[in-house]
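*Asks:* Sending over model-v6.cif (mmCIF, C-alpha atoms).
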```cif
data_protein
#
loop_
_atom_site.label_atom_id
_atom_site.label_comp_id
_atom_site.auth_asym_id
_atom_site.auth_seq_id
_atom_site.Cartn_x
_atom_site.Cartn_y
_atom_site.Cartn_z
CA MET A 1 56.97 115.69 78.67
CA SER A 2 60.37 116.33 80.18
CA ASP A 3 61.98 114.22 82.89
CA LYS A 4 63.15 117.17 84.92
CA PHE A 5 59.67 118.06 86.27
CA PHE A 6 58.56 114.59 87.34
CA PHE A 7 61.77 112.68 88.16
CA LYS A 8 62.58 112.18 91.84
CA GLY A 9 65.76 110.50 93.04
CA ARG A 10 69.14 109.80 91.52
CA LYS A 11 69.60 109.47 87.78
CA THR A 12 72.43 106.96 88.37
CA PRO A 13 72.01 104.40 91.13
CA LYS A 14 74.21 104.68 94.17
CA PRO A 15 76.98 102.04 94.30
CA LYS A 16 76.19 99.26 96.74
CA HIS A 17 79.40 99.53 98.81
CA GLU A 18 78.63 103.14 99.80
CA SER A 19 75.29 102.15 101.29
CA TYR A 20 76.86 99.47 103.49
CA GLY A 21 79.43 101.77 105.11
CA TYR A 22 82.49 100.30 103.42
CA ASN A 23 85.21 102.95 103.62
CA THR A 24 86.77 103.20 100.15
CA LYS A 25 88.81 106.31 100.94
CA ARG A 26 90.75 104.89 103.89
CA ALA A 27 94.45 105.77 103.86
CA ALA A 28 97.05 103.01 104.15
CA LYS A 29 98.56 102.68 107.61
CA PRO A 30 102.25 103.68 107.74
CA GLY A 31 104.48 100.71 108.43
CA SER A 32 102.27 98.20 106.60
CA GLU A 33 102.91 96.20 103.43
CA ALA A 34 101.03 98.80 101.35
CA PHE A 35 102.88 101.78 102.84
CA PRO A 36 106.31 100.79 104.25
CA LEU A 37 108.43 103.23 106.24
CA ALA A 38 111.35 104.88 104.39
CA ILE A 39 114.43 104.89 106.63
CA ILE A 40 118.02 105.92 105.86
CA VAL A 41 120.93 104.77 108.07
CA ASN A 42 124.70 105.33 107.90
CA ASN A 43 126.22 101.91 108.64
CA GLU A 44 125.53 98.17 108.84
CA ALA A 45 125.42 98.07 112.66
CA ARG A 46 122.72 100.74 112.75
CA TYR A 47 120.84 98.83 110.00
CA THR A 48 120.60 95.69 112.15
CA GLU A 49 119.54 97.75 115.19
CA ILE A 50 116.73 99.53 113.31
CA LYS A 51 115.66 96.29 111.56
CA ALA A 52 115.33 94.53 114.94
CA LEU A 53 113.32 97.46 116.33
CA ALA A 54 110.94 97.43 113.35
CA ASP A 55 110.51 93.64 113.56
CA GLU A 56 109.82 93.84 117.30
CA HIS A 57 106.92 96.23 116.68
CA GLN A 58 105.74 94.32 113.56
CA LEU A 59 106.40 97.20 111.17
CA VAL A 60 107.48 96.99 107.53
CA ALA A 61 110.37 99.30 106.63
CA ASP A 62 112.55 99.97 103.57
CA ILE A 63 115.93 100.59 105.18
CA GLU A 64 118.71 102.00 102.98
CA ILE A 65 122.39 102.19 103.96
CA LYS A 66 123.94 105.45 102.73
CA PRO A 67 127.23 106.35 104.47
CA GLU A 68 127.34 109.87 103.01
CA ALA A 69 123.71 110.78 103.80
CA VAL A 70 122.23 112.11 107.04
CA GLU A 71 120.45 109.42 109.10
CA ASP A 72 116.67 109.71 108.88
CA ILE A 73 114.62 107.50 111.23
CA SER A 74 111.92 110.08 112.00
CA ALA A 75 109.14 107.97 110.43
CA LEU A 76 109.91 105.07 112.76
CA MET A 77 110.26 107.25 115.85
CA GLY A 78 106.98 109.01 115.04
CA ILE A 79 105.09 105.71 115.13
CA LEU A 80 106.88 104.31 118.19
CA ASN A 81 106.53 107.50 120.29
CA LYS A 82 102.85 108.13 119.56
CA PRO A 83 101.31 110.20 122.39
CA GLN A 84 98.93 108.37 124.71
CA THR A 85 95.44 109.64 125.53
CA THR A 86 95.18 111.00 129.05
CA THR A 87 92.22 109.95 131.17
CA VAL A 88 91.03 111.72 134.30
CA GLU A 89 89.19 109.88 137.06
CA LYS A 90 85.64 111.14 137.39
CA LYS A 91 84.87 113.14 140.53
CA PRO A 92 81.87 111.78 142.47
CA GLN A 93 78.55 113.64 142.22
CA ARG A 94 76.98 115.31 145.26
CA ASN A 95 74.62 112.45 146.19
CA ASP A 96 77.05 109.57 145.52
CA PRO A 97 78.56 107.70 148.48
CA CYS A 98 81.76 109.30 149.72
CA ILE A 99 85.05 107.93 148.40
CA CYS A 100 86.61 107.86 151.89
CA GLY A 101 84.30 105.01 152.92
CA SER A 102 82.44 106.78 155.73
CA GLY A 103 79.01 105.77 154.38
CA LYS A 104 77.81 109.38 154.15
CA LYS A 105 76.92 111.25 151.00
CA TYR A 106 79.82 113.02 149.30
CA LYS A 107 78.22 116.43 149.86
CA LYS A 108 78.01 115.89 153.64
CA CYS A 109 81.51 114.38 154.10
CA CYS A 110 84.37 115.38 151.77
CA GLY A 111 82.54 117.58 149.28
CA SER A 112 81.96 120.60 151.49
#
```
For the structure just supplied, provide its representation as structure tokens.

*Replies:*
Amino acid sequence: MSDKFFFKGRKTPKPKHESYGYNTKRAAKPGSEAFPLAIIVNNEARYTEIKALADEHQLVADIEIKPEAVEDISALMGILNKPQTTTVEKKPQRNDPCICGSGKKYKKCCGS
């Protein structure tokens, strides 16, 4: 008889690394050895300034000096000026002790 009526499961076994949660499709982090930043500067003084900034933040960068080209350090600035996550302090619930320290419930003191 044919396989297609009685076969249950995969015809080819699943690779072992997929079952253990190993992420094989992870992208390389910008500024690492695998994916260095591409930066263009105009002069030697700017080169040393940008090199010191990249070394301070432990980033790997390919810095080229091209006097005739427009300076491009947007990749470096994008990593250094990454926006921070904002956190909001949680407001107390109705039956929690009041934040003013009176000893009353929040709903009886400052929550009204």

*Asks:* Mind listing as a list in words all residues within 7 Å of (121.3, 106.4, 107.0), counting only C-alpha atoms?

*Replies:*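 The answer, in the requested form, is Ile40, Val41, Asn42, Asn43, Glu64, Ile65, Lys66, Pro67, Ala69, Val70, Glu71 and Asp72 of chain A.
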
*Asks:* Show me, as a PyMOL selection string, the residues that have an atom within 12 Å of Lys91 of chain A when counting all atoms listed in the file, minus same-chain residues fewer than 4 positions from it.

*Replies:* chain A and resi 95-99+106-107+110-111

*Asks:* Next, the residues of the selection above should be written as a PDB file, keeping the file's coordinate frame with C-alpha atoms.

*Replies:*
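Below you can see again_6.pdb, which holds the result:
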```pdb
ATOM      1  CA  ASN A  95      74.620 112.450 146.190  1.00  0.00           C
ATOM      2  CA  ASP A  96      77.050 109.570 145.520  1.00  0.00           C
ATOM      3  CA  PRO A  97      78.560 107.700 148.480  1.00  0.00           C
ATOM      4  CA  CYS A  98      81.760 109.300 149.720  1.00  0.00           C
ATOM      5  CA  ILE A  99      85.050 107.930 148.400  1.00  0.00           C
ATOM      6  CA  TYR A 106      79.820 113.020 149.300  1.00  0.00           C
ATOM      7  CA  LYS A 107      78.220 116.430 149.860  1.00  0.00           C
ATOM      8  CA  CYS A 110      84.370 115.380 151.770  1.00  0.00           C
ATOM      9  CA  GLY A 111      82.540 117.580 149.280  1.00  0.00           C
TER      10      GLY A 111
END
```

*Asks:* Take atom CA of Pro36 of chain A and atom CA of Glu56 of chain A and report the distance between them in Å, one decimal.

*Replies:*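 Interatomic distance here is 15.2 Å.
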
*Asks:* If we count only C-alpha atoms and set the cut-off at 6 Å, which residues sit around segment 29-31 of chain A, ignoring sequence neighbours fewer than 2 positions away in its own chain? Please answer as a PyMOL selection string.

*Replies:* chain A and resi 35-37+59-60

*Asks:* Report as a PyMOL selection string all protein, DNA and RNA residues lying within 9 Å of segment 49-52 of chain A, evaluated on all atoms listed in the file, omitting residues in the same chain fewer than 5 positions from it.

*Replies:* chain A and resi 39+41+44+57+61+63+73+76

*Asks:* If I take atom CA of Pro83 of chain A and atom CA of Ala45 of chain A, how far is one from the other in Å, to one decimal?

*Replies:*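 Pair atom CA of Pro83 of chain A / atom CA of Ala45 of chain A returns 28.7 Å.
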
*Asks:* What does the distance from atom CA of Tyr47 of chain A to atom CA of Ala75 of chain A come to in Å, to one decimal?

*Replies:*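 Computing the Euclidean distance for atom CA of Tyr47 of chain A and atom CA of Ala75 of chain A yields 14.9 Å.
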
*Asks:* Go through A:Asp62, A:Asn81, A:Gly101, A:Glu68 one by one, measure the shortest atom-to-atom distance of each to Ala34 of chain A using only C-alpha atoms, and give the residue with the smallest value.

*Replies:*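 Comparing A:Asp62, A:Asn81, A:Gly101, A:Glu68 against Ala34 of chain A, the winner is A:Asp62.
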
*Asks:* Taking N, CA, C and O atoms as the atom set, what does segment 59-70 of chain A look like once completed, written as a compact mmCIF listing (two decimals), keeping the file's coordinate frame?

*Replies:*
```txt
# COMPACT_ATOMS: atom_id res chain seq x y z
N LEU A 59 106.50 96.16 112.18
CA LEU A 59 106.40 97.20 111.17
C LEU A 59 107.22 96.81 109.95
O LEU A 59 108.24 96.15 110.07
N VAL A 60 106.76 97.24 108.77
CA VAL A 60 107.48 96.99 107.53
C VAL A 60 108.24 98.27 107.17
O VAL A 60 107.65 99.35 107.16
N ALA A 61 109.55 98.12 106.91
CA ALA A 61 110.37 99.30 106.63
C ALA A 61 111.32 99.01 105.48
O ALA A 61 111.87 97.91 105.37
N ASP A 62 111.51 100.01 104.61
CA ASP A 62 112.55 99.97 103.57
C ASP A 62 113.75 100.72 104.13
O ASP A 62 113.75 101.95 104.18
N ILE A 63 114.76 99.98 104.55
CA ILE A 63 115.93 100.59 105.18
C ILE A 63 117.07 100.62 104.17
O ILE A 63 117.44 99.59 103.62
N GLU A 64 117.60 101.82 103.91
CA GLU A 64 118.71 102.00 102.98
C GLU A 64 119.97 102.38 103.76
O GLU A 64 119.89 103.18 104.70
N ILE A 65 121.11 101.84 103.35
CA ILE A 65 122.39 102.19 103.96
C ILE A 65 123.10 103.16 103.03
O ILE A 65 123.45 102.82 101.91
N LYS A 66 123.25 104.41 103.50
CA LYS A 66 123.94 105.45 102.73
C LYS A 66 124.95 106.12 103.67
O LYS A 66 124.57 106.96 104.49
N PRO A 67 126.23 105.78 103.55
CA PRO A 67 127.23 106.35 104.47
C PRO A 67 127.38 107.87 104.37
O PRO A 67 127.67 108.54 105.35
N GLU A 68 127.13 108.43 103.19
CA GLU A 68 127.34 109.87 103.01
C GLU A 68 126.11 110.69 103.38
O GLU A 68 126.19 111.91 103.55
N ALA A 69 124.94 110.06 103.52
CA ALA A 69 123.71 110.78 103.80
C ALA A 69 123.48 110.95 105.30
O ALA A 69 124.09 110.26 106.13
N VAL A 70 122.61 111.87 105.65
CA VAL A 70 122.23 112.11 107.04
C VAL A 70 121.21 111.04 107.44
O VAL A 70 120.29 110.73 106.69
```
